[in-house]
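Reproduced below: input_26.txt, with compact mmCIF, N, CA and C atoms.
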# COMPACT_ATOMS: atom_id res chain seq x y z
N MET A 1 -23.30 11.33 19.38
CA MET A 1 -23.41 9.90 19.59
C MET A 1 -23.17 9.14 18.29
N THR A 2 -23.70 9.65 17.18
CA THR A 2 -23.51 8.94 15.91
C THR A 2 -22.06 9.00 15.46
N GLU A 3 -21.37 10.10 15.76
CA GLU A 3 -19.96 10.20 15.39
C GLU A 3 -19.13 9.15 16.12
N GLU A 4 -19.45 8.93 17.40
CA GLU A 4 -18.71 7.94 18.18
C GLU A 4 -18.93 6.54 17.63
N THR A 5 -20.17 6.24 17.26
CA THR A 5 -20.45 4.90 16.74
C THR A 5 -19.77 4.67 15.40
N THR A 6 -19.74 5.70 14.53
CA THR A 6 -19.07 5.53 13.24
C THR A 6 -17.57 5.35 13.43
N GLN A 7 -17.00 6.06 14.41
CA GLN A 7 -15.57 5.91 14.67
C GLN A 7 -15.25 4.52 15.19
N THR A 8 -16.10 4.00 16.06
CA THR A 8 -15.84 2.65 16.58
C THR A 8 -16.02 1.60 15.49
N GLU A 9 -16.97 1.81 14.59
CA GLU A 9 -17.15 0.87 13.48
C GLU A 9 -15.93 0.87 12.57
N GLU A 10 -15.38 2.07 12.29
CA GLU A 10 -14.19 2.16 11.45
C GLU A 10 -13.00 1.49 12.11
N THR A 11 -12.84 1.68 13.41
CA THR A 11 -11.70 1.05 14.09
C THR A 11 -11.85 -0.46 14.11
N LYS A 12 -13.08 -0.96 14.22
CA LYS A 12 -13.29 -2.42 14.17
C LYS A 12 -12.93 -2.95 12.79
N LYS A 13 -13.30 -2.21 11.73
CA LYS A 13 -12.97 -2.64 10.37
C LYS A 13 -11.46 -2.69 10.17
N VAL A 14 -10.76 -1.69 10.72
CA VAL A 14 -9.30 -1.65 10.59
C VAL A 14 -8.68 -2.82 11.34
N GLU A 15 -9.21 -3.14 12.53
CA GLU A 15 -8.66 -4.25 13.32
C GLU A 15 -8.94 -5.59 12.65
N GLU A 16 -10.09 -5.73 11.98
CA GLU A 16 -10.45 -6.99 11.34
C GLU A 16 -9.60 -7.25 10.10
N ARG A 17 -9.16 -6.18 9.44
CA ARG A 17 -8.40 -6.33 8.20
C ARG A 17 -7.07 -7.00 8.48
N ILE A 18 -6.72 -7.96 7.67
CA ILE A 18 -5.47 -8.70 7.85
C ILE A 18 -4.43 -8.11 6.91
N ILE A 19 -3.34 -7.60 7.49
CA ILE A 19 -2.26 -7.04 6.70
C ILE A 19 -1.12 -8.06 6.70
N PRO A 20 -0.67 -8.49 5.52
CA PRO A 20 0.41 -9.48 5.49
C PRO A 20 1.73 -8.89 5.99
N GLU A 21 2.68 -9.74 6.27
CA GLU A 21 4.02 -9.29 6.68
C GLU A 21 4.68 -8.64 5.48
N LEU A 22 4.88 -7.33 5.55
CA LEU A 22 5.42 -6.57 4.42
C LEU A 22 6.88 -6.25 4.66
N LYS A 23 7.69 -6.39 3.59
CA LYS A 23 9.12 -6.09 3.66
C LYS A 23 9.52 -5.32 2.41
N PRO A 24 10.58 -4.52 2.49
CA PRO A 24 11.08 -3.85 1.29
C PRO A 24 11.50 -4.87 0.25
N GLY A 25 11.21 -4.58 -1.01
CA GLY A 25 11.52 -5.49 -2.10
C GLY A 25 10.32 -6.27 -2.58
N MET A 26 9.24 -6.27 -1.80
CA MET A 26 8.03 -6.98 -2.21
C MET A 26 7.26 -6.15 -3.24
N SER A 27 6.73 -6.83 -4.24
CA SER A 27 5.81 -6.18 -5.17
C SER A 27 4.41 -6.39 -4.62
N VAL A 28 3.69 -5.30 -4.44
CA VAL A 28 2.37 -5.37 -3.83
C VAL A 28 1.34 -4.66 -4.69
N ARG A 29 0.10 -5.00 -4.44
CA ARG A 29 -1.04 -4.31 -5.03
C ARG A 29 -1.90 -3.84 -3.86
N VAL A 30 -2.01 -2.50 -3.71
CA VAL A 30 -2.76 -1.91 -2.60
C VAL A 30 -4.11 -1.45 -3.14
N TYR A 31 -5.19 -2.00 -2.58
CA TYR A 31 -6.55 -1.63 -2.97
C TYR A 31 -7.05 -0.56 -2.01
N GLN A 32 -7.57 0.56 -2.57
CA GLN A 32 -8.00 1.69 -1.77
C GLN A 32 -9.36 2.17 -2.24
N ARG A 33 -10.26 2.45 -1.28
CA ARG A 33 -11.58 2.99 -1.59
C ARG A 33 -11.47 4.48 -1.83
N ILE A 34 -12.12 4.97 -2.89
CA ILE A 34 -12.08 6.39 -3.22
C ILE A 34 -13.50 6.89 -3.40
N LYS A 35 -13.81 8.03 -2.77
CA LYS A 35 -15.13 8.65 -2.94
C LYS A 35 -15.01 9.74 -3.99
N GLU A 36 -15.96 9.74 -4.92
CA GLU A 36 -15.97 10.74 -5.99
C GLU A 36 -17.35 11.33 -6.13
N LEU A 37 -17.42 12.50 -6.75
CA LEU A 37 -18.69 13.12 -7.09
C LEU A 37 -18.91 12.97 -8.58
N ASN A 38 -20.09 12.47 -8.96
CA ASN A 38 -20.37 12.38 -10.39
C ASN A 38 -20.97 13.70 -10.88
N SER A 39 -21.39 13.75 -12.13
CA SER A 39 -21.88 15.00 -12.72
C SER A 39 -23.17 15.49 -12.06
N LYS A 40 -23.94 14.60 -11.45
CA LYS A 40 -25.18 14.99 -10.78
C LYS A 40 -24.94 15.45 -9.35
N GLY A 41 -23.73 15.36 -8.88
CA GLY A 41 -23.41 15.78 -7.52
C GLY A 41 -23.58 14.67 -6.50
N GLU A 42 -23.79 13.44 -6.95
CA GLU A 42 -23.95 12.32 -6.04
C GLU A 42 -22.58 11.72 -5.71
N GLU A 43 -22.44 11.29 -4.45
CA GLU A 43 -21.19 10.65 -4.05
C GLU A 43 -21.18 9.21 -4.54
N LYS A 44 -20.07 8.83 -5.12
CA LYS A 44 -19.91 7.47 -5.63
C LYS A 44 -18.62 6.91 -5.05
N GLU A 45 -18.63 5.64 -4.73
CA GLU A 45 -17.45 5.02 -4.13
C GLU A 45 -16.95 3.90 -5.05
N ARG A 46 -15.64 3.88 -5.26
CA ARG A 46 -15.05 2.83 -6.09
C ARG A 46 -13.74 2.40 -5.46
N ILE A 47 -13.23 1.27 -5.94
CA ILE A 47 -11.96 0.76 -5.42
C ILE A 47 -10.90 0.89 -6.51
N GLN A 48 -9.79 1.51 -6.15
CA GLN A 48 -8.68 1.73 -7.07
C GLN A 48 -7.46 1.01 -6.50
N TYR A 49 -6.65 0.42 -7.35
CA TYR A 49 -5.46 -0.25 -6.85
C TYR A 49 -4.20 0.43 -7.37
N PHE A 50 -3.12 0.25 -6.64
CA PHE A 50 -1.82 0.82 -6.97
C PHE A 50 -0.81 -0.30 -6.89
N ASP A 51 -0.18 -0.63 -8.02
CA ASP A 51 0.85 -1.67 -8.08
C ASP A 51 2.22 -1.04 -7.91
N GLY A 52 3.12 -1.73 -7.24
CA GLY A 52 4.47 -1.22 -7.13
C GLY A 52 5.33 -2.04 -6.19
N ILE A 53 6.55 -1.56 -5.99
CA ILE A 53 7.53 -2.21 -5.13
C ILE A 53 7.64 -1.40 -3.84
N ILE A 54 7.65 -2.08 -2.72
CA ILE A 54 7.85 -1.40 -1.43
C ILE A 54 9.32 -1.01 -1.35
N ILE A 55 9.58 0.31 -1.25
CA ILE A 55 10.97 0.75 -1.13
C ILE A 55 11.32 1.15 0.29
N ALA A 56 10.31 1.37 1.15
CA ALA A 56 10.59 1.71 2.54
C ALA A 56 9.41 1.31 3.41
N LYS A 57 9.74 0.92 4.63
CA LYS A 57 8.72 0.62 5.63
C LYS A 57 9.15 1.31 6.91
N LYS A 58 8.24 2.08 7.51
CA LYS A 58 8.58 2.84 8.71
C LYS A 58 7.63 2.50 9.85
N HIS A 59 8.14 2.34 11.02
CA HIS A 59 7.42 2.13 12.27
C HIS A 59 6.64 0.82 12.33
N GLY A 60 6.99 -0.15 11.54
CA GLY A 60 6.43 -1.49 11.65
C GLY A 60 4.91 -1.54 11.63
N LYS A 61 4.33 -2.25 12.61
CA LYS A 61 2.88 -2.39 12.68
C LYS A 61 2.28 -1.48 13.74
N GLU A 62 2.98 -0.42 14.10
CA GLU A 62 2.45 0.54 15.07
C GLU A 62 1.27 1.28 14.47
N ALA A 63 0.68 2.15 15.27
CA ALA A 63 -0.46 2.93 14.80
C ALA A 63 -0.05 3.89 13.68
N GLY A 64 1.19 4.35 13.70
CA GLY A 64 1.65 5.29 12.68
C GLY A 64 2.52 4.66 11.61
N GLY A 65 2.46 3.36 11.45
CA GLY A 65 3.30 2.66 10.48
C GLY A 65 2.93 2.98 9.05
N THR A 66 3.93 3.15 8.18
CA THR A 66 3.68 3.47 6.78
C THR A 66 4.56 2.61 5.87
N ILE A 67 4.11 2.47 4.62
CA ILE A 67 4.94 1.87 3.58
C ILE A 67 4.98 2.84 2.41
N THR A 68 6.13 2.88 1.74
CA THR A 68 6.28 3.69 0.54
C THR A 68 6.34 2.74 -0.64
N VAL A 69 5.42 2.93 -1.59
CA VAL A 69 5.32 2.05 -2.75
C VAL A 69 5.68 2.86 -3.98
N ARG A 70 6.60 2.33 -4.80
CA ARG A 70 7.05 3.01 -6.01
C ARG A 70 6.65 2.20 -7.23
N SER A 71 6.14 2.91 -8.22
CA SER A 71 5.72 2.29 -9.47
C SER A 71 6.20 3.15 -10.62
N ILE A 72 6.37 2.54 -11.79
CA ILE A 72 6.82 3.29 -12.96
C ILE A 72 5.76 3.16 -14.05
N PHE A 73 5.24 4.31 -14.51
CA PHE A 73 4.25 4.37 -15.59
C PHE A 73 4.87 5.12 -16.75
N ASP A 74 5.01 4.47 -17.89
CA ASP A 74 5.55 5.10 -19.11
C ASP A 74 6.87 5.81 -18.86
N GLY A 75 7.75 5.22 -18.08
CA GLY A 75 9.06 5.79 -17.82
C GLY A 75 9.08 6.86 -16.75
N ILE A 76 7.94 7.15 -16.14
CA ILE A 76 7.87 8.17 -15.08
C ILE A 76 7.57 7.46 -13.77
N GLY A 77 8.40 7.70 -12.77
CA GLY A 77 8.22 7.07 -11.47
C GLY A 77 7.17 7.77 -10.64
N ALA A 78 6.35 7.00 -9.96
CA ALA A 78 5.33 7.54 -9.06
C ALA A 78 5.46 6.83 -7.72
N GLU A 79 5.36 7.59 -6.64
CA GLU A 79 5.45 7.03 -5.30
C GLU A 79 4.24 7.44 -4.50
N LYS A 80 3.78 6.53 -3.67
CA LYS A 80 2.70 6.82 -2.74
C LYS A 80 3.10 6.30 -1.38
N ILE A 81 2.75 7.06 -0.36
CA ILE A 81 3.00 6.65 1.01
C ILE A 81 1.66 6.26 1.61
N PHE A 82 1.54 5.00 2.03
CA PHE A 82 0.30 4.49 2.59
C PHE A 82 0.45 4.24 4.08
N PRO A 83 -0.34 4.91 4.93
CA PRO A 83 -0.40 4.51 6.33
C PRO A 83 -1.07 3.14 6.44
N LEU A 84 -0.51 2.24 7.21
CA LEU A 84 -1.04 0.88 7.28
C LEU A 84 -2.41 0.82 7.94
N ASN A 85 -2.72 1.76 8.82
CA ASN A 85 -4.01 1.75 9.51
C ASN A 85 -5.02 2.67 8.85
N LEU A 86 -4.82 3.02 7.59
CA LEU A 86 -5.76 3.87 6.87
C LEU A 86 -7.06 3.11 6.63
N PRO A 87 -8.22 3.66 7.05
CA PRO A 87 -9.46 2.90 6.89
C PRO A 87 -9.90 2.72 5.45
N THR A 88 -9.39 3.52 4.51
CA THR A 88 -9.81 3.38 3.12
C THR A 88 -9.08 2.26 2.39
N ILE A 89 -8.01 1.72 2.97
CA ILE A 89 -7.31 0.59 2.35
C ILE A 89 -8.13 -0.67 2.63
N THR A 90 -8.58 -1.32 1.56
CA THR A 90 -9.39 -2.53 1.74
C THR A 90 -8.53 -3.77 1.89
N LYS A 91 -7.49 -3.90 1.06
CA LYS A 91 -6.59 -5.05 1.20
C LYS A 91 -5.27 -4.76 0.53
N ILE A 92 -4.26 -5.52 0.94
CA ILE A 92 -2.92 -5.45 0.36
C ILE A 92 -2.55 -6.87 -0.07
N VAL A 93 -2.22 -7.02 -1.35
CA VAL A 93 -1.90 -8.34 -1.90
C VAL A 93 -0.43 -8.34 -2.32
N VAL A 94 0.33 -9.33 -1.86
CA VAL A 94 1.73 -9.48 -2.26
C VAL A 94 1.76 -10.29 -3.55
N THR A 95 2.33 -9.70 -4.62
CA THR A 95 2.39 -10.40 -5.90
C THR A 95 3.73 -11.10 -6.12
N LYS A 96 4.84 -10.45 -5.73
CA LYS A 96 6.18 -11.03 -5.86
C LYS A 96 7.00 -10.64 -4.65
N GLN A 97 8.09 -11.35 -4.47
CA GLN A 97 9.02 -11.00 -3.40
C GLN A 97 10.43 -11.11 -3.93
N ALA A 98 11.26 -10.12 -3.63
CA ALA A 98 12.65 -10.11 -4.07
C ALA A 98 13.57 -10.16 -2.85
N THR A 99 14.75 -10.73 -3.05
CA THR A 99 15.73 -10.74 -1.97
C THR A 99 16.46 -9.40 -1.98
N THR A 100 16.56 -8.79 -0.82
CA THR A 100 17.26 -7.51 -0.70
C THR A 100 18.19 -7.56 0.49
N ARG A 101 19.20 -6.71 0.45
CA ARG A 101 20.13 -6.60 1.56
C ARG A 101 20.04 -5.24 2.22
N ARG A 102 19.05 -4.48 1.86
CA ARG A 102 18.88 -3.13 2.39
C ARG A 102 17.49 -3.01 3.02
N ALA A 103 17.38 -2.12 4.00
CA ALA A 103 16.08 -1.84 4.61
C ALA A 103 15.33 -0.78 3.82
N LYS A 104 16.05 0.12 3.18
CA LYS A 104 15.45 1.17 2.36
C LYS A 104 16.03 1.05 0.96
N LEU A 105 15.17 0.96 -0.04
CA LEU A 105 15.62 0.75 -1.42
C LEU A 105 15.55 2.04 -2.22
N PHE A 106 16.08 3.12 -1.68
CA PHE A 106 16.02 4.40 -2.36
C PHE A 106 16.93 4.45 -3.59
N PHE A 107 17.85 3.50 -3.72
CA PHE A 107 18.70 3.47 -4.91
C PHE A 107 17.89 3.15 -6.16
N LEU A 108 16.69 2.60 -6.01
CA LEU A 108 15.84 2.33 -7.17
C LEU A 108 15.31 3.62 -7.80
N LYS A 109 15.32 4.72 -7.05
CA LYS A 109 14.86 6.00 -7.58
C LYS A 109 15.79 6.54 -8.65
N ARG A 110 17.08 6.25 -8.53
CA ARG A 110 18.07 6.84 -9.43
C ARG A 110 18.22 6.06 -10.73
N GLY A 111 17.26 5.26 -11.10
CA GLY A 111 17.32 4.54 -12.36
C GLY A 111 18.26 3.36 -12.31
N TYR A 112 18.17 2.60 -11.27
CA TYR A 112 19.00 1.41 -11.09
C TYR A 112 18.65 0.41 -12.17
N LYS A 113 19.62 0.02 -12.98
CA LYS A 113 19.36 -0.83 -14.14
C LYS A 113 19.20 -2.30 -13.78
N LYS A 114 19.95 -2.74 -12.79
CA LYS A 114 19.91 -4.15 -12.44
C LYS A 114 18.60 -4.47 -11.72
N LYS A 115 18.00 -5.59 -12.06
CA LYS A 115 16.74 -5.98 -11.44
C LYS A 115 17.00 -6.71 -10.13
N LEU A 116 16.03 -6.66 -9.25
CA LEU A 116 16.12 -7.38 -7.99
C LEU A 116 15.87 -8.87 -8.23
N LYS A 117 16.58 -9.72 -7.50
CA LYS A 117 16.38 -11.16 -7.65
C LYS A 117 15.09 -11.56 -6.94
N GLU A 118 14.25 -12.28 -7.66
CA GLU A 118 12.94 -12.65 -7.11
C GLU A 118 13.00 -13.99 -6.40
N LYS A 119 12.22 -14.09 -5.33
CA LYS A 119 12.03 -15.35 -4.62
C LYS A 119 10.73 -15.96 -5.12
N LYS A 120 10.61 -17.25 -5.00
CA LYS A 120 9.35 -17.89 -5.33
C LYS A 120 8.44 -17.85 -4.12
N ILE A 121 7.19 -17.48 -4.34
CA ILE A 121 6.21 -17.40 -3.26
C ILE A 121 5.29 -18.60 -3.36
N VAL A 122 5.16 -19.32 -2.26
CA VAL A 122 4.24 -20.45 -2.21
C VAL A 122 2.98 -19.99 -1.50
N GLN A 123 1.85 -20.07 -2.19
CA GLN A 123 0.59 -19.61 -1.57
C GLN A 123 -0.40 -20.71 -1.43

Structure translated into structure tokens:
Amino acid sequence: MTEETTQTEETKKVEERIIPELKPGMSVRVYQRIKELNSKGEEKERIQYFDGIIIAKKHGKEAGGTITVRSIFDGIGAEKIFPLNLPTITKIVVTKQATTRRAKLFFLKRGYKKKLKEKKIVQ
């Protein structure tokens, strides 16, 4: 019985969360809850964010929808695939938006030198 109630609470939290309209070329900051064990063996929860550019979006806003976010740290590229309905994602913030003519921006992986043209975002 307790497992069912926790599952329904998690699904309500996921439904309440507002996910903005995401498109490839947007620079986003994804906030994610992470559980860790400290030296005493106690569980600790913190929020970690991942900044980057959305290079792919798959399956839209369906239950299995995902976004691929790419970021570069010290010249090394890092990619993360985030399911949109993941309960550990607390919020997604759009920081910039660029104009693109492609649905998948995989050409950015190969060290594309030219920068994407940015749009102005009115908030």

request  = Up to 5 Å from (14.5, -3.0, 0.9) in the file's coordinates: name the residues, counting only N, CA and C atoms, as a list in words.
outcome  = Pro24, Gly25, Arg102, Ala103, Lys104 and Leu105 of chain A

request  = Give the strand (DSSP E) residues of chain A, as DSSP finds them on the backbone, and put them as a PyMOL selection string.
outcome  = chain A and resi 27-37+43-58+66-73+76-83+89-98+118-119

Residues proximal to (16.2, -10.8, -9.2) were defined as those with any atom within 12 Å of that point in the file's coordinates, counting only C-alpha atoms. Which are they, as a CSV table (one decimal) with N, CA and C atoms, keeping the file's coordinate frame?
chain,number,residue,atom,x,y,z
A,25,GLY,N,11.2,-4.6,-1.0
A,25,GLY,CA,11.5,-5.5,-2.1
A,25,GLY,C,10.3,-6.3,-2.6
A,26,MET,N,9.2,-6.3,-1.8
A,26,MET,CA,8.0,-7.0,-2.2
A,26,MET,C,7.3,-6.2,-3.2
A,96,LYS,N,4.8,-10.4,-5.7
A,96,LYS,CA,6.2,-11.0,-5.9
A,96,LYS,C,7.0,-10.6,-4.6
A,97,GLN,N,8.1,-11.4,-4.5
A,97,GLN,CA,9.0,-11.0,-3.4
A,97,GLN,C,10.4,-11.1,-3.9
A,98,ALA,N,11.3,-10.1,-3.6
A,98,ALA,CA,12.6,-10.1,-4.1
A,98,ALA,C,13.6,-10.2,-2.8
A,99,THR,N,14.8,-10.7,-3.0
A,99,THR,CA,15.7,-10.7,-2.0
A,99,THR,C,16.5,-9.4,-2.0
A,100,THR,N,16.6,-8.8,-0.8
A,100,THR,CA,17.3,-7.5,-0.7
A,100,THR,C,18.2,-7.6,0.5
A,113,LYS,N,19.6,0.0,-13.0
A,113,LYS,CA,19.4,-0.8,-14.1
A,113,LYS,C,19.2,-2.3,-13.8
A,114,LYS,N,20.0,-2.7,-12.8
A,114,LYS,CA,19.9,-4.2,-12.4
A,114,LYS,C,18.6,-4.5,-11.7
A,115,LYS,N,18.0,-5.6,-12.1
A,115,LYS,CA,16.7,-6.0,-11.4
A,115,LYS,C,17.0,-6.7,-10.1
A,116,LEU,N,16.0,-6.7,-9.2
A,116,LEU,CA,16.1,-7.4,-8.0
A,116,LEU,C,15.9,-8.9,-8.2
A,117,LYS,N,16.6,-9.7,-7.5
A,117,LYS,CA,16.4,-11.2,-7.6
A,117,LYS,C,15.1,-11.6,-6.9
A,118,GLU,N,14.2,-12.3,-7.7
A,118,GLU,CA,12.9,-12.6,-7.1
A,118,GLU,C,13.0,-14.0,-6.4
A,119,LYS,N,12.2,-14.1,-5.3
A,119,LYS,CA,12.0,-15.4,-4.6
A,119,LYS,C,10.7,-16.0,-5.1
A,120,LYS,N,10.6,-17.2,-5.0
A,120,LYS,CA,9.4,-17.9,-5.3
A,120,LYS,C,8.4,-17.8,-4.1

request  = Could you please determine the separation between atom CA of A:Phe82 and atom CA of A:Arg29 in Å, to one decimal place?
outcome  =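 Straight-line distance from atom CA of A:Phe82 to atom CA of A:Arg29 works out to 11.7 Å.
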
task = Pick out the residues sitting within 12 Å of A:Val94, and hand them over as a ChimeraX atom specification; count only C-alpha atoms, and ignore anything fewer than 4 positions along from it in its own chain.
result = /A:19-31,50-54,98,120-123

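Rounded to one decimal, atom CA of A:Glu62 and atom CA of A:Thr90 lie 18.1 Å from each other.
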
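A straight line drawn from atom CA of A:Ala63 to atom CA of A:Ile34 is 21.7 Å long.
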
query = When DSSP works through the backbone of this structure, what residues of chain A end up as helix (DSSP H, G or I), shown as an MDAnalysis selection string?
reply = chainID A and resid 2:16 106:110

Output file for the selection above: N, CA and C atoms, as a tab-separated table (two decimals), keeping the file's coordinate frame:
chain	number	residue	atom	x	y	z
A	2	THR	N	-23.70	9.65	17.18
A	2	THR	CA	-23.51	8.94	15.91
A	2	THR	C	-22.06	9.00	15.46
A	3	GLU	N	-21.37	10.10	15.76
A	3	GLU	CA	-19.96	10.20	15.39
A	3	GLU	C	-19.13	9.15	16.12
A	4	GLU	N	-19.45	8.93	17.40
A	4	GLU	CA	-18.71	7.94	18.18
A	4	GLU	C	-18.93	6.54	17.63
A	5	THR	N	-20.17	6.24	17.26
A	5	THR	CA	-20.45	4.90	16.74
A	5	THR	C	-19.77	4.67	15.40
A	6	THR	N	-19.74	5.70	14.53
A	6	THR	CA	-19.07	5.53	13.24
A	6	THR	C	-17.57	5.35	13.43
A	7	GLN	N	-17.00	6.06	14.41
A	7	GLN	CA	-15.57	5.91	14.67
A	7	GLN	C	-15.25	4.52	15.19
A	8	THR	N	-16.10	4.00	16.06
A	8	THR	CA	-15.84	2.65	16.58
A	8	THR	C	-16.02	1.60	15.49
A	9	GLU	N	-16.97	1.81	14.59
A	9	GLU	CA	-17.15	0.87	13.48
A	9	GLU	C	-15.93	0.87	12.57
A	10	GLU	N	-15.38	2.07	12.29
A	10	GLU	CA	-14.19	2.16	11.45
A	10	GLU	C	-13.00	1.49	12.11
A	11	THR	N	-12.84	1.68	13.41
A	11	THR	CA	-11.70	1.05	14.09
A	11	THR	C	-11.85	-0.46	14.11
A	12	LYS	N	-13.08	-0.96	14.22
A	12	LYS	CA	-13.29	-2.42	14.17
A	12	LYS	C	-12.93	-2.95	12.79
A	13	LYS	N	-13.30	-2.21	11.73
A	13	LYS	CA	-12.97	-2.64	10.37
A	13	LYS	C	-11.46	-2.69	10.17
A	14	VAL	N	-10.76	-1.69	10.72
A	14	VAL	CA	-9.30	-1.65	10.59
A	14	VAL	C	-8.68	-2.82	11.34
A	15	GLU	N	-9.21	-3.14	12.53
A	15	GLU	CA	-8.66	-4.25	13.32
A	15	GLU	C	-8.94	-5.59	12.65
A	16	GLU	N	-10.09	-5.73	11.98
A	16	GLU	CA	-10.45	-6.99	11.34
A	16	GLU	C	-9.60	-7.25	10.10
A	106	PHE	N	16.08	3.12	-1.68
A	106	PHE	CA	16.02	4.40	-2.36
A	106	PHE	C	16.93	4.45	-3.59
A	107	PHE	N	17.85	3.50	-3.72
A	107	PHE	CA	18.70	3.47	-4.91
A	107	PHE	C	17.89	3.15	-6.16
A	108	LEU	N	16.69	2.60	-6.01
A	108	LEU	CA	15.84	2.33	-7.17
A	108	LEU	C	15.31	3.62	-7.80
A	109	LYS	N	15.32	4.72	-7.05
A	109	LYS	CA	14.86	6.00	-7.58
A	109	LYS	C	15.79	6.54	-8.65
A	110	ARG	N	17.08	6.25	-8.53
A	110	ARG	CA	18.07	6.84	-9.43
A	110	ARG	C	18.22	6.06	-10.73

query = Contacts of A:Glu79 at 9 Å or less, counting only C-alpha atoms, minus same-chain residues fewer than 3 places along, as JSON, numbers by chain?
reply = {"A": [52, 68, 69, 70, 71, 72]}

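Restricting the calculation to all atoms listed in the file, the smallest distance between A:Arg17 and any of A:Arg110, A:Arg101, A:Lys57, A:Lys91 is found for A:Lys91.
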
task = Find the residue from A:Thr95, A:Leu37, A:Leu86, A:Gln48 that sits nearest to A:Thr66; use only C-alpha atoms when measuring.
result =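 Ranked by minimum distance to A:Thr66, first place goes to A:Leu86.
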
A:Glu4, A:Ala78, A:Gly41, A:His59 ranked by distance to A:Lys109, top pick (using only C-alpha atoms) =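 Among A:Glu4, A:Ala78, A:Gly41, A:His59, it is A:Ala78 that comes nearest to A:Lys109.
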
Just save stretch 26-80 of chain A with C-alpha atoms, as a compact mmCIF listing (two decimals), in the first residue's frame.
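Written file, part-v2.txt:
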# COMPACT_ATOMS: atom_id res chain seq x y z
CA MET A 26 18.29 26.17 -27.00
CA SER A 27 20.78 26.63 -24.19
CA VAL A 28 19.24 25.15 -21.06
CA ARG A 29 20.06 24.54 -17.43
CA VAL A 30 18.61 21.24 -16.15
CA TYR A 31 18.27 20.96 -12.36
CA GLN A 32 18.36 17.38 -11.03
CA ARG A 33 18.03 15.96 -7.51
CA ILE A 34 20.83 13.58 -6.53
CA LYS A 35 20.94 11.27 -3.51
CA GLU A 36 24.35 10.67 -1.97
CA LEU A 37 25.78 8.86 1.03
CA ASN A 38 28.02 10.87 3.32
CA SER A 39 30.88 9.44 5.40
CA LYS A 40 28.50 8.45 8.22
CA GLY A 41 26.34 6.42 5.85
CA GLU A 42 23.43 8.87 5.92
CA GLU A 43 21.53 9.65 2.74
CA LYS A 44 21.81 13.25 1.67
CA GLU A 45 19.94 14.94 -1.15
CA ARG A 46 21.20 17.87 -3.20
CA ILE A 47 20.35 19.61 -6.45
CA GLN A 48 22.89 19.61 -9.27
CA TYR A 49 22.50 21.45 -12.56
CA PHE A 50 23.82 20.72 -16.04
CA ASP A 51 24.26 23.57 -18.53
CA GLY A 52 24.37 22.94 -22.25
CA ILE A 53 22.81 23.11 -25.70
CA ILE A 54 19.98 20.81 -26.73
CA ILE A 55 21.29 18.89 -29.75
CA ALA A 56 18.40 16.42 -30.09
CA LYS A 57 14.83 15.98 -28.95
CA LYS A 58 13.06 12.64 -29.35
CA HIS A 59 9.39 11.69 -28.98
CA GLY A 60 8.16 15.17 -28.04
CA LYS A 61 6.15 15.36 -24.83
CA GLU A 62 5.22 11.66 -24.77
CA ALA A 63 5.90 9.48 -21.76
CA GLY A 64 9.21 8.38 -23.28
CA GLY A 65 10.34 11.78 -24.56
CA THR A 66 14.02 12.67 -24.13
CA ILE A 67 16.39 15.55 -24.77
CA THR A 68 20.13 15.29 -25.37
CA VAL A 69 22.11 18.14 -23.83
CA ARG A 70 25.74 18.77 -24.81
CA SER A 71 28.19 20.85 -22.83
CA ILE A 72 31.92 21.52 -23.14
CA PHE A 73 34.16 21.55 -20.04
CA ASP A 74 37.84 22.48 -20.54
CA GLY A 75 37.73 21.47 -24.21
CA ILE A 76 36.10 18.09 -23.51
CA GLY A 77 32.53 17.54 -24.64
CA ALA A 78 30.02 15.93 -22.29
CA GLU A 79 26.53 14.77 -23.21
CA LYS A 80 23.63 13.72 -21.06
